[in-house]
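Asks: Structure in C-alpha cells, see below.
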Amino acid sequence: MLFLSQCINGLQLGSIYALVALGYSMVYGIIRLLNFAHGDVIMIGAYIALLTIGAGLHPALAVGITILGCVLISVLIEKVAYRPLRSAPRISLLITAIGVSLLLQNLVQLFFTADSRAYPSTAIIPARAIQLGGLSLSLSTVVTILVSVGAMLGLHLLIQKTRMGKAMRAVSEDTGAAQLMGIDINRVISITFAIGSALAGVGSVLYCCRYSVANPTMGSLLGLKAFVAAVLGGIGSIPGAVVGGFAIGFAEVLVTALGFSAWTDAVVFAVLIVVLLVKPTGLLGRGVAEKV
Amino acid sequence: MMLEVRDLTVYYDNIRALKGVSFSVEEGEIMTLIGANGAGKTTTLITLSGLKKAQSGSIRFLGKEITKTTPQSRVALGISQSPEGRRVFPGLTVLENLEMGAYLRKDDFAPDMEKVFRYFPRLRERKKQSAGTLSGGEQQMLAMGRALMSRPKLMLLDEPSMGLSPLLVAEIFEIIRRLNESGTTILLVEQNAALALKLCHRAAVMETGRIVLAGTGEELSRSPAVQKAYLGG
C-alpha cells in the first residue's frame, strides 16, 4: 500500500514536470532554443494566481487568468526578445533567454520582495481526501494527475491531427521547406510559445497547489528539473518530454522514500550528466540521418 | 510574360552569389537553367521563392512586383518549389506532407491529391508511411507532388534528377513533360544538361552568378561552348 501511494505521489510530481518539460521541448523543437525563461513564466503564473485570488476572484476565473497571463507573457517575450534574433547565432538566443529569466525574477522581486508567500492552494483545490480502495488520496493529487493527463492528450491530438499541429511539426523538421509550403513561420512559432506556456500555466497552478508557496526564484529549480526531464526524454520530442517528466518525478519520489530527501536535486542533475554522457539524444530523441 | 527577373543581385554575407541575373519565363513553357555547381542556380530559385532576400533587382510575377514579399504570399500567388535535396518532412507521413503542400488552400484539395497519386502511384501505396522511410526516388516524387498541391501556376524544380538511377530520372522527366502539357509552367534547374536541354523550350546557362548564354533548348544543345562545357562533347 505504501508502495502504491508512493507511485501515485510520483505520478503527481511527474505529471507536473511533464507539463513544464513539454513547453521546453516544443520550443526547442521549433526554434532550437533552450528557453531558460520558461520556468520563470511559471513563477509569474504563481504571482498572477496570488493576486487574482487575493483580489477575491472566483478560483476558476483566477486559474483562467493565470493561464492566459502565462500565454501573453511568453508570446510577448518571443516577439520582443527572441524574434529579432531569428537569424543570429544560437548562442545569442540562449544568452538572451538567460537574460529574460533574470529580468523576470528581478522584476517580481522589485514589486513583491524576495520573501516567499503562502499560495492559496486550498482556495483552488479544496483540501479533501478521496478514498480509493484502501488508498487515501488528496483531491489535489487526483486533480493534478487527471488535468495533466487530459492536457497531454489534448496536446497530442492537436499536434497529430490539426492543420496547425502538422504545420508545427513541419516547421520543426525543416523551417525553410515549411516556408516553401506557404506556412507563416512567425505565426507558428508564436502559437508554439502560446501552447507551451498554457501548459506551463496549468503546471504553475498544480505545482503551487502541491507546495503551497511562491517566491521569485521558484521558477529556476522547477525549470531546470523540467529541462532535465526534456533532455532525458530527448529534447524536441513531445512523447519524450512526457516520459522524461514522469521518470524525473518517480526518481525524486523514490529517493525521498528511501530516506535521502536532501539528495533529490542532486539525483536529478546526476541524471542529466549521465544522459549527456551516455545518450545525448535522450530516450526518444531522433538521431540525424541523411538519405541519398 | 509570366515571370520577369531583372538584374537580380543576392549576397551570402560578403559573397555575391548572383551578380545581376535577368531572364524571363513565358506562360506554358519549360525554361531551364543549367550550369556547374555554385553557378547560382539554386540561389536563383530560393530567391524566387522568397527564402533568400535580393539585394537589388526585381522579380515580377504575372505583372506583380514580388521582390520584397513574403514566401507565403508568393505561394498564394501561384509559385511553388520542389527544393534541392527534396526536403520532405521526414517525420510526417506521405499524406501529411501532401497536406502541407496544400497549406494555404481553403477549398477541398482531395481531387488534387488524387491527381498527385495518378502521377505517382507509388505514393499512394505508401501514403501512411512517414516520408523519412521512403527511398530517394520516392522522396523526389513526394517533393514534386507536395509542390503540386498548391495548384501552382509556376513550378520551380531544383535538381529533380539528383542521386537517382537513370531509369528513375527518365520517369521523373516524363512526368515533368506531362505536368507541363497539362498547363503548369516550369522553371527547371538541372546539372544533367543533356536531358534538361532536350526537355525544355528555352534555356539559359549560368556561370558564377551570371547568365552567360540563353536561347532555345535546341540552339544551346548545338552551341559548341555548351557542348564542350556541359554535354561532354
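We name chains A, B, ... following the order of the C-alpha cells; residues begin at 1 in each chain, and ligands are numbered from 1 as shown.
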Using only C-alpha atoms, which chain B residues lie at most 6 Å away from chain A, written as number ranges by chain?
Replies: B: 72, 75, 101, 136
Asks: Write out the residues from the selection above, keeping N, CA and C atoms, as a compact mmCIF listing (two decimals), in the first residue's frame.
Replies:
```
# COMPACT_ATOMS: atom_id res chain seq x y z
N GLN B 72 5.19 33.10 -48.13
CA GLN B 72 3.82 32.58 -48.18
C GLN B 72 2.95 33.33 -49.18
N VAL B 75 3.62 31.82 -52.57
CA VAL B 75 2.90 30.56 -52.76
C VAL B 75 1.45 30.85 -53.10
N GLY B 101 1.62 20.73 -48.47
CA GLY B 101 1.70 21.40 -49.76
C GLY B 101 0.45 22.21 -50.05
N GLY B 136 15.07 7.39 -52.08
CA GLY B 136 15.38 8.70 -52.65
C GLY B 136 14.44 9.08 -53.78
```
Asks: Using DSSP on the backbone, list every residue of segment 7-194 of chain A that comes out as alpha helix (DSSP H), and give them as a PyMOL selection string.
Replies: chain A and resi 7-31+38-54+59-77+90-112+121-124+139-161+163-173+175-180+185-194
Asks: At what distance in Å, to one decimal, does atom CA of Tyr119 of chain B lie from atom CA of Lys106 of chain B?
Replies: 23.2 Å
Asks: Report the distance between atom CA of Ser220 of chain A and atom CA of Ile125 of chain A in Å, rounded to one decimal place.
Replies: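 Computing the Euclidean distance for atom CA of Ser220 of chain A and atom CA of Ile125 of chain A yields 24.7 Å.
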Asks: Which residues are near segment 225-233 of chain B? Cut-off 12 Å, only C-alpha atoms, ignore same chain within fewer than 2 positions. Put them as a list in words.
Replies: Ile34, Gly35, Ala36, Asn37, Glu190, Gln191, Asn192, Ala193, Ala194, Leu195, Ala196, Leu197, Lys198, Ala203, Ala204, Val205, Met206, Glu207, Val212, Leu213, Ala214, Gly215, Gly217, Glu218, Glu219, Leu220, Ser221, Arg222 and Ser223 of chain B
Asks: What is the atom CA of Glu26 of chain B-atom CA of Ala170 of chain B distance in Å, reported with one decimal?
Replies: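 Between atom CA of Glu26 of chain B and atom CA of Ala170 of chain B the gap works out to 24.6 Å.
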Asks: Determine which residues of segment 5-226 of chain B receive a DSSP assignment of strand (DSSP E), computed from the backbone, and state them as number ranges by chain.
Replies: B: 5-12, 15-25, 30-35, 56-61, 64-65, 79-82, 154-158, 185-190, 202-207, 210-216
Asks: Would you pick out the contacts of segment 50-58 of chain A at 9 Å or less, using only C-alpha atoms, so that residues sharing its chain but fewer than 5 positions from it are not included, and give the list as JSON, numbers by chain?
Replies: {"A": [45, 63, 65, 66, 117, 118, 119, 120, 123, 124, 214]}
Asks: Applying 10 Å and only C-alpha atoms, which residues near Gly50 of chain B remain after dropping the ones on its own chain fewer than 2 positions away? List them as an MDAnalysis selection string.
Replies: (chainID A and resid 179:180) or (chainID B and resid 44:48 52:54 66:75)
Asks: Can you tell me which residues surround Gly183 of chain B at a distance of at most 12 Å, considering only C-alpha atoms, apart from same-chain residues fewer than 4 positions away, and format the answer as a count of residues only?
Replies: 15
Asks: Write out as number ranges by chain each polymer residue whose atoms come within 8 Å of Ile172 of chain B, counting only C-alpha atoms; drop sequence neighbours fewer than 3 positions from it.
Replies: B: 141, 160-161, 168-169, 175-176
